[in-house]
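Data file: start.cif. Format and content: mmCIF, C-alpha atoms and all ligand atoms.
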data_final
loop_
_atom_site.label_atom_id
_atom_site.label_comp_id
_atom_site.auth_asym_id
_atom_site.auth_seq_id
_atom_site.Cartn_x
_atom_site.Cartn_y
_atom_site.Cartn_z
CA MET A 1 -85.99 211.80 46.27
CA ASN A 2 -84.89 215.39 45.73
CA SER A 3 -86.92 217.64 43.43
CA MET A 4 -83.88 219.96 43.15
CA TYR A 5 -82.87 218.01 40.07
CA GLN A 6 -86.29 217.76 38.41
CA ASP A 7 -86.12 218.39 34.66
CA PRO A 8 -88.80 219.65 32.20
CA TYR A 9 -90.17 216.08 31.85
CA ASN A 10 -90.49 215.81 35.66
CA ARG A 11 -87.64 213.32 35.79
CA GLN A 12 -85.85 213.09 39.12
CA TYR A 13 -83.00 210.95 40.42
CA ARG A 14 -84.21 207.99 42.41
CA LYS A 15 -81.87 205.14 41.50
CA LEU A 16 -78.07 205.09 41.56
CA ARG A 17 -76.11 202.40 39.73
CA VAL A 18 -72.52 201.93 40.74
CA SER A 19 -70.15 200.03 38.50
CA LEU A 20 -67.70 198.48 40.92
CA THR A 21 -65.32 197.46 38.16
CA SER A 22 -65.30 197.60 34.38
CA ALA A 23 -63.63 194.15 34.26
CA CYS A 24 -65.74 191.17 33.24
CA ASN A 25 -65.15 187.42 33.15
CA TYR A 26 -67.47 187.06 30.12
CA ALA A 27 -67.14 188.62 26.66
CA CYS A 28 -70.72 188.38 25.43
CA GLN A 29 -71.23 188.45 21.66
CA TYR A 30 -73.49 191.54 21.65
CA CYS A 31 -71.55 193.44 24.31
CA VAL A 32 -67.89 192.84 23.45
CA PRO A 33 -67.68 192.09 19.71
CA ASP A 34 -63.92 191.47 19.57
CA GLY A 35 -64.25 188.76 22.26
CA LYS A 36 -61.49 190.26 24.41
CA LYS A 37 -62.45 190.31 28.07
CA LEU A 38 -62.88 193.80 29.52
CA LEU A 39 -60.26 194.92 32.03
CA LYS A 40 -60.54 197.12 35.07
CA ALA A 41 -60.07 200.87 34.68
CA LYS A 42 -56.49 202.11 34.90
CA HIS A 43 -57.40 204.56 37.67
CA GLU A 44 -60.17 202.75 39.51
CA LEU A 45 -61.68 204.52 42.51
CA SER A 46 -60.57 203.19 45.88
CA VAL A 47 -63.25 201.83 48.22
CA GLU A 48 -62.96 205.01 50.32
CA GLN A 49 -63.52 207.15 47.21
CA PHE A 50 -66.51 205.06 46.11
CA ILE A 51 -68.11 205.37 49.55
CA GLN A 52 -67.46 209.08 49.84
CA ALA A 53 -68.84 209.76 46.37
CA ILE A 54 -71.94 207.66 47.07
CA SER A 55 -72.48 209.43 50.37
CA LEU A 56 -72.37 212.84 48.63
CA ILE A 57 -74.71 211.68 45.87
CA VAL A 58 -77.17 210.18 48.34
CA GLU A 59 -77.20 213.35 50.44
CA SER A 60 -77.52 215.59 47.40
CA ALA A 61 -80.06 213.64 45.35
CA GLY A 62 -81.98 211.58 47.92
CA ILE A 63 -81.32 208.21 46.29
CA GLU A 64 -83.82 205.48 47.19
CA GLN A 65 -82.11 202.50 45.56
CA LEU A 66 -78.49 201.62 44.86
CA ARG A 67 -77.66 198.87 42.39
CA ILE A 68 -74.16 197.41 42.27
CA THR A 69 -73.17 196.50 38.73
CA GLY A 70 -70.17 196.32 36.40
CA GLY A 71 -68.37 194.99 34.33
CA GLU A 72 -68.95 192.04 36.60
CA PRO A 73 -69.17 193.26 40.21
CA LEU A 74 -68.64 189.87 41.85
CA ILE A 75 -65.12 189.52 40.44
CA SER A 76 -63.95 192.76 42.08
CA ASN A 77 -61.53 192.28 44.96
CA LYS A 78 -63.14 195.39 46.46
CA LEU A 79 -66.55 193.74 46.86
CA GLU A 80 -66.41 192.85 50.55
CA SER A 81 -64.92 196.16 51.75
CA PHE A 82 -67.28 198.07 49.48
CA LEU A 83 -70.27 196.26 51.02
CA ALA A 84 -68.92 197.06 54.49
CA GLY A 85 -68.57 200.74 53.53
CA LEU A 86 -72.14 200.90 52.24
CA LYS A 87 -73.35 200.01 55.74
CA THR A 88 -72.27 203.52 56.83
CA ILE A 89 -74.71 205.15 54.38
CA ASN A 90 -78.46 205.12 54.73
CA ILE A 91 -79.78 203.69 51.46
CA PRO A 92 -83.31 202.23 51.58
CA GLU A 93 -82.70 199.47 49.04
CA LEU A 94 -79.56 197.62 47.93
CA CYS A 95 -79.60 195.61 44.70
CA LEU A 96 -77.11 193.85 42.46
CA THR A 97 -76.82 192.94 38.79
CA THR A 98 -74.51 190.02 38.02
CA ASN A 99 -73.85 187.30 35.47
CA GLY A 100 -74.20 184.88 38.38
CA GLN A 101 -70.92 183.04 37.97
CA PHE A 102 -69.82 183.85 41.54
CA LEU A 103 -73.27 184.21 43.05
CA GLU A 104 -73.18 181.01 45.07
CA GLN A 105 -69.78 181.96 46.48
CA LYS A 106 -70.60 185.60 47.31
CA LEU A 107 -74.19 185.14 48.47
CA PRO A 108 -73.45 185.11 52.23
CA ALA A 109 -71.55 188.44 51.99
CA LEU A 110 -74.31 189.97 49.88
CA ILE A 111 -77.04 188.88 52.28
CA ASP A 112 -75.04 190.10 55.25
CA ALA A 113 -74.73 193.53 53.59
CA GLY A 114 -78.50 193.73 53.11
CA VAL A 115 -78.64 193.14 49.35
CA ASN A 116 -82.17 191.86 48.85
CA ARG A 117 -82.79 192.15 45.13
CA ILE A 118 -80.56 190.48 42.57
CA ASN A 119 -80.82 190.50 38.79
CA VAL A 120 -78.97 187.66 37.09
CA SER A 121 -78.17 188.04 33.41
CA LEU A 122 -78.77 184.70 31.72
CA ASP A 123 -79.50 184.36 28.01
CA THR A 124 -79.98 180.62 27.64
CA LEU A 125 -80.40 177.30 29.44
CA ASP A 126 -78.50 175.48 26.71
CA PRO A 127 -74.84 174.90 27.71
CA VAL A 128 -73.59 175.04 24.10
CA GLN A 129 -75.40 178.32 23.37
CA PHE A 130 -74.20 179.63 26.72
CA LYS A 131 -70.56 179.15 25.73
CA GLN A 132 -71.17 180.68 22.30
CA ILE A 133 -72.89 183.79 23.66
CA CYS A 134 -70.90 184.44 26.86
CA ARG A 135 -67.45 183.24 25.81
CA GLY A 136 -66.71 182.57 29.47
CA GLY A 137 -68.23 181.00 32.58
CA ASP A 138 -70.14 177.82 33.22
CA LEU A 139 -73.92 177.45 33.02
CA ALA A 140 -74.28 174.84 35.77
CA THR A 141 -72.47 177.12 38.25
CA VAL A 142 -74.82 180.01 37.42
CA LEU A 143 -77.87 177.79 37.87
CA ARG A 144 -76.61 176.64 41.27
CA GLY A 145 -76.20 180.27 42.32
CA ILE A 146 -79.76 181.03 41.22
CA ASP A 147 -81.14 178.08 43.21
CA GLN A 148 -79.23 179.20 46.30
CA ALA A 149 -80.47 182.78 46.00
CA VAL A 150 -84.09 181.61 45.63
CA GLU A 151 -83.66 179.34 48.64
CA GLN A 152 -82.35 182.29 50.68
CA GLY A 153 -85.44 184.36 49.86
CA ILE A 154 -83.69 186.91 47.62
CA LYS A 155 -86.04 188.72 45.22
CA LEU A 156 -84.61 187.50 41.96
CA LYS A 157 -85.08 188.60 38.37
CA ILE A 158 -83.41 187.07 35.36
CA ASN A 159 -82.45 189.30 32.43
CA MET A 160 -82.35 187.66 29.02
CA VAL A 161 -81.36 189.36 25.77
CA PRO A 162 -83.13 187.41 23.01
CA LEU A 163 -81.10 187.28 19.81
CA LYS A 164 -82.67 186.10 16.57
CA GLN A 165 -79.70 183.95 15.55
CA HIS A 166 -78.46 182.74 18.92
CA ASN A 167 -81.17 182.03 21.49
CA ALA A 168 -84.64 182.85 20.13
CA ASP A 169 -85.54 179.18 20.77
CA GLN A 170 -84.99 179.84 24.49
CA VAL A 171 -87.75 182.44 24.90
CA VAL A 172 -90.34 179.97 26.16
CA PRO A 173 -88.00 177.54 28.04
CA MET A 174 -86.51 180.47 29.97
CA LEU A 175 -89.99 181.67 30.90
CA GLU A 176 -90.97 178.17 32.03
CA TYR A 177 -87.80 177.90 34.13
CA CYS A 178 -88.50 181.26 35.82
CA LEU A 179 -92.20 180.64 36.44
CA GLU A 180 -91.39 177.30 38.10
CA ARG A 181 -89.06 179.09 40.55
CA GLY A 182 -91.11 182.23 41.23
CA ILE A 183 -88.51 184.37 39.41
CA GLU A 184 -89.57 187.29 37.21
CA LEU A 185 -88.03 187.02 33.74
CA ARG A 186 -87.12 190.25 31.99
CA TYR A 187 -86.52 190.04 28.26
CA ILE A 188 -84.27 192.91 27.18
CA GLU A 189 -84.67 193.96 23.56
CA LEU A 190 -81.22 194.26 22.03
CA MET A 191 -80.10 197.87 22.43
CA LYS A 192 -78.55 199.69 19.52
CA MET A 193 -75.25 200.64 21.12
CA GLY A 194 -71.58 200.71 20.24
CA HIS A 195 -70.77 198.37 17.35
CA LEU A 196 -74.51 197.66 16.94
CA THR A 197 -75.16 201.22 15.74
CA THR A 198 -73.40 200.50 12.44
CA GLY A 199 -73.44 197.50 10.09
CA ASP A 200 -76.03 194.74 9.80
CA GLU A 201 -75.62 192.90 13.11
CA PHE A 202 -78.36 194.75 14.94
CA GLN A 203 -81.00 193.94 12.29
CA GLN A 204 -79.76 190.34 12.03
CA GLU A 205 -80.09 189.77 15.79
CA PHE A 206 -82.90 192.09 16.93
CA TRP A 207 -85.89 190.18 18.35
CA SER A 208 -88.73 192.60 18.99
CA MET A 209 -91.30 192.79 21.75
CA LYS A 210 -93.93 191.73 19.20
CA SER A 211 -91.94 188.63 18.16
CA LEU A 212 -91.49 187.73 21.83
CA LEU A 213 -95.16 188.11 22.66
CA ASP A 214 -96.15 186.09 19.57
CA GLN A 215 -93.89 183.26 20.74
CA ILE A 216 -95.14 183.40 24.32
CA SER A 217 -98.80 183.49 23.27
CA THR A 218 -98.47 180.04 21.70
CA HIS A 219 -97.83 178.64 25.19
CA TYR A 220 -99.35 181.04 27.72
CA ASP A 221 -102.27 183.44 28.17
CA TYR A 222 -101.01 186.71 29.54
CA ALA A 223 -102.37 190.18 30.27
CA PRO A 224 -100.62 193.53 30.82
CA THR A 225 -100.07 194.38 34.47
CA ARG A 226 -98.88 197.45 36.37
CA ALA A 227 -95.26 198.58 36.58
CA PRO A 228 -93.86 201.49 38.63
CA ASN A 229 -93.90 204.80 36.75
CA ASP A 230 -90.12 204.86 36.28
CA SER A 231 -89.81 201.18 35.40
CA THR A 232 -87.97 200.41 32.19
CA ALA A 233 -90.08 197.27 31.67
CA VAL A 234 -93.52 196.65 30.26
CA ARG A 235 -94.95 193.96 32.54
CA PHE A 236 -97.32 191.06 31.93
CA GLN A 237 -99.07 188.57 34.17
CA ILE A 238 -99.72 184.93 33.42
CA PRO A 239 -102.72 184.25 35.65
CA GLY A 240 -101.94 181.84 38.47
CA GLN A 241 -98.32 181.40 37.35
CA GLY A 242 -96.37 184.65 37.64
CA ASP A 243 -95.20 187.79 35.87
CA PHE A 244 -92.70 188.60 33.17
CA GLY A 245 -91.46 191.87 31.70
CA ILE A 246 -89.99 193.23 28.50
CA ILE A 247 -87.47 196.05 28.50
CA ALA A 248 -88.44 197.26 25.06
CA ASN A 249 -85.97 200.00 24.39
CA GLU A 250 -86.76 200.00 20.67
CA SER A 251 -90.47 199.13 20.67
CA LYS A 252 -91.47 201.14 23.75
CA PRO A 253 -88.76 203.63 24.73
CA PHE A 254 -88.62 204.60 28.39
CA CYS A 255 -86.28 207.61 28.58
CA ARG A 256 -89.13 210.01 29.49
CA THR A 257 -89.46 208.46 32.94
CA CYS A 258 -85.78 207.68 33.59
CA SER A 259 -84.78 208.13 37.25
CA ARG A 260 -81.29 206.64 36.96
CA LEU A 261 -77.89 208.05 37.66
CA ARG A 262 -74.65 206.14 37.16
CA LEU A 263 -71.22 206.20 38.77
CA SER A 264 -68.43 204.40 36.94
CA SER A 265 -65.47 202.67 38.58
CA ALA A 266 -63.20 205.26 36.95
CA GLY A 267 -64.96 208.05 38.85
CA PHE A 268 -67.35 209.45 36.26
CA ILE A 269 -71.01 210.32 36.69
CA TYR A 270 -73.24 209.46 33.72
CA GLY A 271 -76.76 210.87 33.49
CA CYS A 272 -77.65 208.57 30.62
CA LEU A 273 -76.71 205.06 29.50
CA SER A 274 -76.94 206.13 25.88
CA SER A 275 -74.69 209.17 26.14
CA THR A 276 -70.92 209.40 26.24
CA ARG A 277 -71.19 212.67 28.22
CA ARG A 278 -69.65 212.11 31.62
CA HIS A 279 -68.51 214.14 34.64
CA TYR A 280 -65.39 213.39 36.68
CA ILE A 281 -65.94 213.41 40.44
CA ALA A 282 -62.70 212.14 42.02
CA ASP A 283 -61.33 215.72 42.17
CA LEU A 284 -64.13 216.91 44.42
CA LEU A 285 -63.74 214.14 46.99
CA PRO A 286 -60.92 215.77 49.00
CA LEU A 287 -63.01 218.96 49.47
CA GLU A 288 -64.65 219.91 52.78
CA ARG A 289 -68.12 218.35 53.02
CA GLU A 290 -70.07 221.55 52.21
CA GLN A 291 -67.85 222.40 49.25
CA GLY A 292 -68.00 218.79 48.09
CA LEU A 293 -71.80 218.86 48.21
CA GLU A 294 -71.89 222.11 46.23
CA ALA A 295 -69.55 220.68 43.56
CA MET A 296 -71.57 217.46 43.41
CA HIS A 297 -74.72 219.54 43.00
CA GLN A 298 -73.26 221.23 39.90
CA ILE A 299 -72.35 217.85 38.43
CA LEU A 300 -75.69 216.20 39.11
CA SER A 301 -77.49 219.20 37.58
CA ALA A 302 -75.35 218.93 34.44
CA ALA A 303 -75.84 215.14 34.26
CA MET A 304 -79.64 215.55 34.32
CA LYS A 305 -79.34 217.51 31.07
CA ASP A 306 -77.56 214.54 29.45
CA LYS A 307 -80.72 212.41 29.50
CA GLN A 308 -82.24 211.67 26.10
CA ASP A 309 -85.60 213.21 25.23
CA LEU A 310 -87.43 210.06 24.29
CA SER A 311 -85.25 207.10 23.35
CA PHE A 312 -81.64 206.00 23.04
CA THR A 313 -80.00 207.87 20.20
CA GLY A 314 -77.27 205.31 19.75
CA GLU A 315 -74.08 206.99 20.89
CA THR A 316 -71.03 204.84 21.59
CA THR A 317 -71.84 202.26 24.20
CA VAL A 318 -71.05 202.74 27.84
CA MET A 319 -73.23 199.78 28.89
CA LYS A 320 -70.35 197.32 29.10
CA MET A 321 -68.41 199.60 31.46
CA ILE A 322 -71.19 200.98 33.60
CA GLY A 323 -73.76 198.21 33.53
CA GLY A 324 -77.41 197.99 32.54
N1 LIG A 401 -71.91 191.69 34.44
C1 LIG A 401 -73.20 192.10 34.90
C2 LIG A 401 -74.26 191.25 34.26
O1 LIG A 401 -73.93 190.35 33.48
O2 LIG A 401 -75.43 191.46 34.57
C3 LIG A 401 -73.51 193.58 34.72
C4 LIG A 401 -73.10 194.26 33.45
S1 LIG A 401 -73.95 193.72 31.98
C5 LIG A 401 -73.26 194.82 30.77
C6 LIG A 401 -75.58 194.33 32.27
C7 LIG A 401 -76.64 193.86 31.32
O3 LIG A 401 -76.49 194.52 30.09
C8 LIG A 401 -76.68 192.38 31.00
O4 LIG A 401 -77.97 191.88 31.29
C9 LIG A 401 -76.43 192.33 29.51
O5 LIG A 401 -77.11 191.27 28.90
C10 LIG A 401 -76.96 193.65 29.07
N2 LIG A 401 -76.50 194.16 27.77
C11 LIG A 401 -75.25 194.44 27.37
N3 LIG A 401 -75.24 194.94 26.11
C12 LIG A 401 -76.52 194.99 25.72
C13 LIG A 401 -77.20 195.41 24.53
N4 LIG A 401 -76.54 195.90 23.47
N5 LIG A 401 -78.53 195.33 24.49
C14 LIG A 401 -79.23 194.85 25.55
N6 LIG A 401 -78.66 194.45 26.68
C15 LIG A 401 -77.33 194.50 26.77
#

As structure tokens, how would this structure be written, given the file I've shared?
Amino acid sequence: MNSMYQDPYNRQYRKLRVSLTSACNYACQYCVPDGKKLLKAKHELSVEQFIQAISLIVESAGIEQLRITGGEPLISNKLESFLAGLKTINIPELCLTTNGQFLEQKLPALIDAGVNRINVSLDTLDPVQFKQICRGGDLATVLRGIDQAVEQGIKLKINMVPLKQHNADQVVPMLEYCLERGIELRYIELMKMGHLTTGDEFQQEFWSMKSLLDQISTHYDYAPTRAPNDSTAVRFQIPGQGDFGIIANESKPFCRTCSRLRLSSAGFIYGCLSSTRRHYIADLLPLEREQGLEAMHQILSAAMKDKQDLSFTGETTVMKMIGG
């Protein structure tokens, strides 16, 4: 970690998220309202550009964890060569966020590359709801991928976005499923982004941390437990059974401890998931290393200023392009 970028709230960069592609094989209700599947960026970075940019960022900011995300990263035809390129950079921890549709298929390549933490986004165990929410994919295939990953000893988390009108009945079954498999479930409160910042949909679908905990308390005793300082989740322990977390963007905002930095597949650095401010980096990649580092330094300093003070302020979404 590099204190060069510390801001007045003591925030520093620690985690880099790289969106390998903005294309996705799902079109989730809350993410892509028009139901049209997202496509890849017109001018997507090449694998060489990705690796060079990451190498500059890592050297400049002292990144401790890189998370590959999207779009849907496992549908990118760059995945294997990207993973090979990452081996040339010293990054302490490699993680992935995926919808799990191609997890079973890509697991050997991921393990070989040293990916040891995977978050699977899964909002329901009901195949009908699954189709309604995701508008793509197949639940049984995702569940097979999860079983395989658990079997291979991957540290797995499942991310679920509870929606009042779509899957609130899944809050307890999803927890049960995860506890049985030693997986940590993360409920993500619906984030007010993009189309959700206007109109009634957000209020109609929002399922708060309090509603979640009320539901869970009818089945389980739980107690708060520790989370790392820059964690986005509030964590709870069910004695003898396991942990779960809630990423409570609305109920318990976490911007004050944000340590994240994002690189999009189109070559932009984002300092904040809730800001449309972005900084193009492809132009600096052909520079000599020292000049490149200097230019990257300017960009990372500017991106730190893009972080929100306390909570998401609801600018146009970039989540679907650059991942959670
Ligand atoms: N395709 C990958 C996946 O499914 O995990 C990575 C990208 S996806 C946009 C990352 C995460 O963002 C998913 O867990 C998804 O549920 C979540 N997400 C998207 N829009 C959201 C919103 N408005 N509020 C909360 N979570 C959201």

### Message
Show me which residues line ligand LIG 401 (chain A), defined as having an atom within 9 Å of a ligand atom where all atoms listed in the file count, and present them as a ChimeraX atom specification.
### Response
/A:19,22-26,28-32,68-74,96-100,119-123,158-162,188-196,202,247,249,317-324

#### Entry: Pairwise distance for atom CA of A:Gly267 and atom CA of A:Leu16, rounded to one decimal in Å
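Those two atoms sit 13.7 Å apart.
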
### Query
Distance atom CA of A:Asp126-atom CA of A:Leu213, one decimal place?
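Distance reported for this atom pair: 21.3 Å.
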
### Task
Find the residue from A:Leu179, A:Val171, A:Ala266, A:Met4 that sits nearest to A:Glu44; use all atoms listed in the file when measuring.
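Ranking A:Leu179, A:Val171, A:Ala266, A:Met4 by distance to A:Glu44, first place goes to A:Ala266.
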
### Query
From the set A:Lys78, A:Arg256, A:His43, A:Lys157, which residue has the shortest atom-to-atom contact distance to A:Tyr280, counting all atoms listed in the file?
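The closest residue to A:Tyr280 is A:His43.
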
### Task
Please measure the separation of atom CA of A:Asp112 and atom CA of A:Phe82, giving the value in Å to one decimal.
12.5 Å

### Query
Counting only C-alpha atoms, which residues come within 6 Å of (-84.1, 203.4, 51.0), with the point read in the file's coordinates, and could you list them as a ChimeraX atom specification?
/A:64-65,91-93

### Message
Considering only C-alpha atoms, can you say which of A:Val58, A:Gln129, A:Leu83, A:Leu285 comes closest to A:Asp169?
### Response
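Under the stated criterion, the closest residue is A:Gln129.
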
### Task
Find the residues around A:Lys164 up to 7 Å (only C-alpha atoms counted), leave out those fewer than 4 positions away in its own chain, and share them as a PyMOL selection string.
chain A and resi 168+204-207

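In this comparison, which uses only C-alpha atoms, the residue of A:Asn167, A:Gln101, A:Ser265, A:Ser208 approaching A:Gln132 most closely is A:Asn167.
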
### Query
Hey, what's within 8 Å of A:Leu156 if we count all atoms listed in the file and toss same-chain stuff fewer than 6 positions away? As a ChimeraX atom specification, please?
/A:117-120,149-150,183-184

### Message
Calculated over only C-alpha atoms, which of the candidates A:Asn90, A:Ser251, A:Ser301, A:Gln237 has the smallest distance to A:Gly271?
### Response
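Going through A:Asn90, A:Ser251, A:Ser301, A:Gln237 one by one, the smallest distance to A:Gly271 is for A:Ser301.
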